[in-house]
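What follows is a single structure, written as structure tokens, with notes after it.
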Amino acid sequence: MDQPAPGLEPVRLRWGWLATMLAVLIGAILAGIAVGPAGIGPGQVIGELLGSGLAGRPSTLTSIQQAIIWEIRLPRVALGGLVGGLLALAGASYQGVFRNPLADPYLLGVAAGGGLGATVVIAMAPGTGSLLLPLAAFVGASLAVVLTYSVGRSIGGRSAVSLILAGVAVAAFFTAVQTYILQRNSDTIRQVYSWILGLLATTGWREVLVLLPYAAICGTGLVLHRRLLDVMSVGDEEVDSLGVSAVRVRATVVIFATLATAAAVAVSGLIGFVGIVIPHTIRLMVGVSYRSLIPISAVAGAAFLILADLAARTVASPAELPIGVITAFVGAPFFMVVLRTSKRYVA
């Protein structure tokens, strides 16, 4: 009987780990809603969500407490979950399609492009930032990736290394343009850097509703490609010999992952390290198969960012830290460990 090629052995989704991560996510959601200066306990939150929210029973909370839960805390928790899930999902997908553990959602210049788009709006049209900033960040991030992919294909064909190098070059160029604009408009530096460090401030459910369609489309697309990412692990030539186009798979996954990252960046600013920390942590628990890694990373990423936002709100209370500071505090040491143990990818 023929044996499957190395890396193509059938692997089932680790349902136990997925259930565990879902339980962690539920706990993070309850903590994110319950913890705060208003003094609404976890029992009251559960009663409100299950009773008034799902069962339609009369609420036992005051109108102010209801507004805090439904219009302030729950939208912020939902936004954090969507952003964290998309960033972790994109990170795991990039690592799979480029076969590089150092790949993350900012690999192809997404962060630099989004930062440049936001900087242009804040510096050039300060009175319209709340309306145009998400759109400008999305356009900038998408433009950076299109440019990176075009340059990478022109100099290296379908080589993953050429795309990575092109991404570094494009990111450096966009960052230089951003720095020039900031120097010409120094009065906007504080606002720009506040956005660059990441934020999950919401005005109700608007940001959640903006991000939700992208999360649904990109999340579905990447989850459906998780088996092909396992196939990609054996190399492009081997994939082509099996009748699967490595170029098409790579392009499709990159488009979905980039669109997911650009959408997240547009509503939350630049939140780093989620795409590295979460996939690697999950890989240590469930193994290297993307059939398990992709969905479990998405759930874990959602829980992680909700908890990171909770820490950002409470560590220096009543002040609030940028959420990017929290994720960098956790992610930077983790990245050093990954870099040290992954020399064969960067030699």
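Each chain in the structure tokens gets a letter, A, B, ..., in the order shown, and its residues are numbered from 1; ligands are numbered from 1 in order too.
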ask   = Neighbours of Ile33 in chain A within 9 Å (only C-alpha atoms; same-chain residues fewer than 6 positions away dropped), as an MDAnalysis selection string?
value = chainID A and resid 40 42 45 68:69 72:74 76:77
Take the residues from that selection and write them out as a short mmCIF file (atom, residue, chain, number, x, y, z; two decimals), in the first residue's frame, keeping C-alpha atoms.
```
data_model
loop_
_atom_site.label_atom_id
_atom_site.label_comp_id
_atom_site.auth_asym_id
_atom_site.auth_seq_id
_atom_site.Cartn_x
_atom_site.Cartn_y
_atom_site.Cartn_z
CA ILE A 40 -20.71 44.85 38.04
CA PRO A 42 -19.51 38.23 37.05
CA VAL A 45 -23.00 39.87 33.90
CA ILE A 68 -22.24 49.93 30.48
CA ILE A 69 -22.54 46.26 29.55
CA ILE A 72 -19.45 50.07 26.26
CA ARG A 73 -17.86 46.86 27.52
CA LEU A 74 -19.44 44.23 25.27
CA ARG A 76 -15.04 46.55 23.16
CA VAL A 77 -14.70 42.88 24.09
#
```
Closest atom pairs, range 259-345 of chain A residues within 12 Å of range 231-235 of chain A, only C-alpha atoms, as CSV:
```
residue,atom,partner,partner_atom,distance
A:Val288,CA,A:Ser233,CA,9.7
A:Ser289,CA,A:Ser233,CA,9.4
A:Tyr290,CA,A:Val231,CA,9.5
A:Arg291,CA,A:Val231,CA,10.7
```
Those same residues - N, CA, C and O atoms - I'd like them written as a short mmCIF file (atom, residue, chain, number, x, y, z; two decimals), in the first residue's frame.
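Output file part12.cif follows:
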```cif
data_model
loop_
_atom_site.label_atom_id
_atom_site.label_comp_id
_atom_site.auth_asym_id
_atom_site.auth_seq_id
_atom_site.Cartn_x
_atom_site.Cartn_y
_atom_site.Cartn_z
N VAL A 288 2.15 20.51 14.65
CA VAL A 288 2.43 21.40 13.52
C VAL A 288 1.35 21.37 12.45
O VAL A 288 1.41 22.14 11.50
N SER A 289 0.37 20.51 12.56
CA SER A 289 -0.66 20.41 11.52
C SER A 289 -1.55 21.65 11.54
O SER A 289 -2.11 22.02 12.57
N TYR A 290 -1.71 22.26 10.36
CA TYR A 290 -2.53 23.46 10.25
C TYR A 290 -4.02 23.14 10.31
O TYR A 290 -4.83 24.05 10.45
N ARG A 291 -4.39 21.88 10.21
CA ARG A 291 -5.80 21.52 10.38
C ARG A 291 -6.27 21.87 11.78
O ARG A 291 -7.43 22.26 11.97
#
```
Find the residues near Thr327 in chain A: any atom within 7 Å, counting only C-alpha atoms, skip ones fewer than 3 places away on the same chain, and give them as a PDB file with C-alpha atoms, in the first residue's frame.
```
ATOM      1  CA  GLY A 272       2.084  43.717  17.240  1.00  0.00           C
ATOM      2  CA  PHE A 273       3.251  40.210  18.146  1.00  0.00           C
ATOM      3  CA  VAL A 274      -0.177  38.545  18.278  1.00  0.00           C
ATOM      4  CA  ALA A 308      -4.452  42.065  26.962  1.00  0.00           C
ATOM      5  CA  ILE A 323      -2.779  47.760  24.137  1.00  0.00           C
ATOM      6  CA  GLY A 324       0.280  47.528  21.898  1.00  0.00           C
ATOM      7  CA  VAL A 330       4.594  39.696  26.215  1.00  0.00           C
ATOM      8  CA  GLY A 331       5.607  39.264  22.600  1.00  0.00           C
TER       9      GLY A 331
END
```
task = Give the alpha helix (DSSP H) residues of range 112-320 of chain A, as DSSP finds them on the backbone, and put them as a ChimeraX atom specification.
result = /A:112-124,129-156,160-184,189-196,206-224,226-232,236-241,246-268,274-286,290-314
task = May I ask which of the residues A:Val244, A:Ala137, A:Ala328, A:Leu25 is the closest one to Val110 in chain A, counting only C-alpha atoms?
result =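 Result for the nearest residue to Val110 in chain A: A:Ala137.
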Got a sec: who's within 9 Å of Leu147 in chain A, counting only C-alpha atoms, leaving out chain neighbours fewer than 6 positions off, as a JSON list (two decimals) with all heavy atoms, in the first residue's frame?
```json
[["chain", "number", "residue", "atom", "x", "y", "z"],
["A", 166, "ALA", "N", 11.03, 41.66, -0.34],
["A", 166, "ALA", "CA", 10.28, 42.77, -0.91],
["A", 166, "ALA", "C", 9.44, 43.46, 0.16],
["A", 166, "ALA", "O", 9.33, 44.70, 0.17],
["A", 166, "ALA", "CB", 9.38, 42.27, -2.05],
["A", 167, "GLY", "N", 8.87, 42.68, 1.07],
["A", 167, "GLY", "CA", 8.09, 43.26, 2.16],
["A", 167, "GLY", "C", 8.93, 44.15, 3.05],
["A", 167, "GLY", "O", 8.49, 45.22, 3.48],
["A", 170, "VAL", "N", 9.56, 47.42, 1.06],
["A", 170, "VAL", "CA", 8.36, 48.26, 0.98],
["A", 170, "VAL", "C", 8.05, 48.88, 2.34],
["A", 170, "VAL", "O", 7.71, 50.07, 2.44],
["A", 170, "VAL", "CB", 7.17, 47.43, 0.47],
["A", 170, "VAL", "CG1", 5.86, 48.21, 0.61],
["A", 170, "VAL", "CG2", 7.38, 47.05, -0.99]]
```
ask   = Expressed in Å to a single decimal, how great is the separation between CA of Asp104 in chain A and CA of Gly152 in chain A?
value =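 Between these atoms lies a distance of 17.0 Å.
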key: Non-local contacts of Tyr149 in chain A (12 Å; only C-alpha atoms; under 5 positions in same chain excluded) as a ChimeraX atom specification   = /A:107-110,142-144,154-170,247,250-251,254-255,258
query = Got a sec: who's within 9 Å of Gly140 in chain A, counting only C-alpha atoms, leaving out chain neighbours fewer than 2 positions off, as a list in words?
reply =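 Non-adjacent residues within range: Val110, Ala111, Ala112, Gly113, Gly114, Gly115, Leu116, Gly117, Ala118, Leu135, Ala136, Ala137, Phe138, Ser142, Leu143, Ala144, Val145 and Ala262 of chain A.
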task = May I have the residues within 9 Å of Pro134 in chain A as a PyMOL selection string, using only C-alpha atoms and disregarding those fewer than 5 positions away in the same chain?
result = chain A and resi 114+117-118+129+139+263+265-269
Any chance you could export the current selection's N, CA, C and O atoms as a compact mmCIF listing (two decimals), in the first residue's frame?
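Okay, selection-v1.txt is ready:
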```
# COMPACT_ATOMS: atom_id res chain seq x y z
N GLY A 114 -0.57 50.61 6.63
CA GLY A 114 -1.66 51.13 7.46
C GLY A 114 -1.23 52.35 8.25
O GLY A 114 -1.99 53.32 8.38
N GLY A 117 -1.14 55.35 5.88
CA GLY A 117 -2.48 55.84 5.57
C GLY A 117 -3.09 56.62 6.72
O GLY A 117 -3.68 57.70 6.52
N ALA A 118 -2.94 56.11 7.95
CA ALA A 118 -3.47 56.81 9.12
C ALA A 118 -2.75 58.13 9.33
O ALA A 118 -3.37 59.15 9.67
N GLY A 129 -10.62 62.75 10.90
CA GLY A 129 -9.91 61.52 11.23
C GLY A 129 -10.82 60.37 11.59
O GLY A 129 -10.61 59.24 11.16
N VAL A 139 -6.68 51.19 3.04
CA VAL A 139 -6.14 51.40 1.70
C VAL A 139 -4.62 51.34 1.72
O VAL A 139 -3.99 50.71 0.85
N ALA A 263 -7.96 44.88 7.62
CA ALA A 263 -9.23 45.24 8.27
C ALA A 263 -9.03 45.44 9.77
O ALA A 263 -9.57 46.38 10.37
N VAL A 265 -6.19 46.22 11.35
CA VAL A 265 -5.39 47.43 11.53
C VAL A 265 -6.25 48.69 11.38
O VAL A 265 -6.08 49.67 12.10
N ALA A 266 -7.18 48.65 10.45
CA ALA A 266 -7.99 49.82 10.17
C ALA A 266 -8.83 50.26 11.37
O ALA A 266 -9.07 51.45 11.56
N VAL A 267 -9.27 49.32 12.20
CA VAL A 267 -10.14 49.69 13.33
C VAL A 267 -9.42 49.70 14.66
O VAL A 267 -9.95 50.26 15.63
N SER A 268 -8.21 49.13 14.75
CA SER A 268 -7.56 49.00 16.05
C SER A 268 -6.18 49.63 16.12
O SER A 268 -5.57 49.66 17.20
N GLY A 269 -5.66 50.13 15.02
CA GLY A 269 -4.29 50.58 15.03
C GLY A 269 -3.33 49.40 14.91
O GLY A 269 -3.74 48.29 14.58
```
Per residue of range 21-126 of chain A within 6 Å of range 185-205 of chain A, record the nearest atom pair and its distance in Å to one decimal, counting only C-alpha atoms, with rows in chain order and ascending residue number, as a tab-separated table.
```
residue	atom	partner	partner_atom	distance
A:Glu71	CA	A:Gly204	CA	5.2
A:Pro75	CA	A:Trp205	CA	5.5
A:Ala123	CA	A:Thr188	CA	5.9
```
Based on the selection just made, write all heavy atoms of those residues as a PDB file, in the first residue's frame.
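Output contents, as saved in part-v3.pdb:
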```
ATOM      1  N   GLU A  71     -23.391  48.698  25.696  1.00  0.00           N
ATOM      2  CA  GLU A  71     -22.946  49.757  24.783  1.00  0.00           C
ATOM      3  C   GLU A  71     -21.482  50.132  24.951  1.00  0.00           C
ATOM      4  O   GLU A  71     -20.935  50.839  24.101  1.00  0.00           O
ATOM      5  CB  GLU A  71     -23.817  51.009  24.976  1.00  0.00           C
ATOM      6  CG  GLU A  71     -25.293  50.786  24.727  1.00  0.00           C
ATOM      7  CD  GLU A  71     -25.581  50.305  23.315  1.00  0.00           C
ATOM      8  OE1 GLU A  71     -24.821  50.682  22.391  1.00  0.00           O
ATOM      9  OE2 GLU A  71     -26.557  49.563  23.120  1.00  0.00           O
ATOM     10  N   PRO A  75     -19.214  45.757  23.319  1.00  0.00           N
ATOM     11  CA  PRO A  75     -18.636  46.075  22.000  1.00  0.00           C
ATOM     12  C   PRO A  75     -17.115  46.058  21.999  1.00  0.00           C
ATOM     13  O   PRO A  75     -16.490  45.598  21.044  1.00  0.00           O
ATOM     14  CB  PRO A  75     -19.178  47.485  21.713  1.00  0.00           C
ATOM     15  CG  PRO A  75     -20.400  47.603  22.542  1.00  0.00           C
ATOM     16  CD  PRO A  75     -20.145  46.810  23.779  1.00  0.00           C
ATOM     17  N   ALA A 123      -2.562  63.917   9.766  1.00  0.00           N
ATOM     18  CA  ALA A 123      -1.765  65.118   9.527  1.00  0.00           C
ATOM     19  C   ALA A 123      -2.409  66.075   8.535  1.00  0.00           C
ATOM     20  O   ALA A 123      -2.364  67.299   8.724  1.00  0.00           O
ATOM     21  CB  ALA A 123      -0.376  64.716   9.019  1.00  0.00           C
TER      22      ALA A 123
END
```
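Compared by their closest atoms to Leu22 in chain A, and using only C-alpha atoms, the residues A:Leu182, A:Val121, A:Ile276, A:Val299 rank with A:Val299 nearest.
Interatomic distance, CA of Ser52 in chain A against CA of Tyr214 in chain A: 28.9 Å.
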Selected residue of minimal separation from Ile282 in chain A among A:Leu50, A:Ile306, A:Val83, A:Ala92, counting only C-alpha atoms = A:Ala92
inquiry  = So the first atom is CA of Ala303 in chain A and the second is CA of Val24 in chain A; what is the distance between them in Å, to one decimal place?
reply    = 6.7 Å
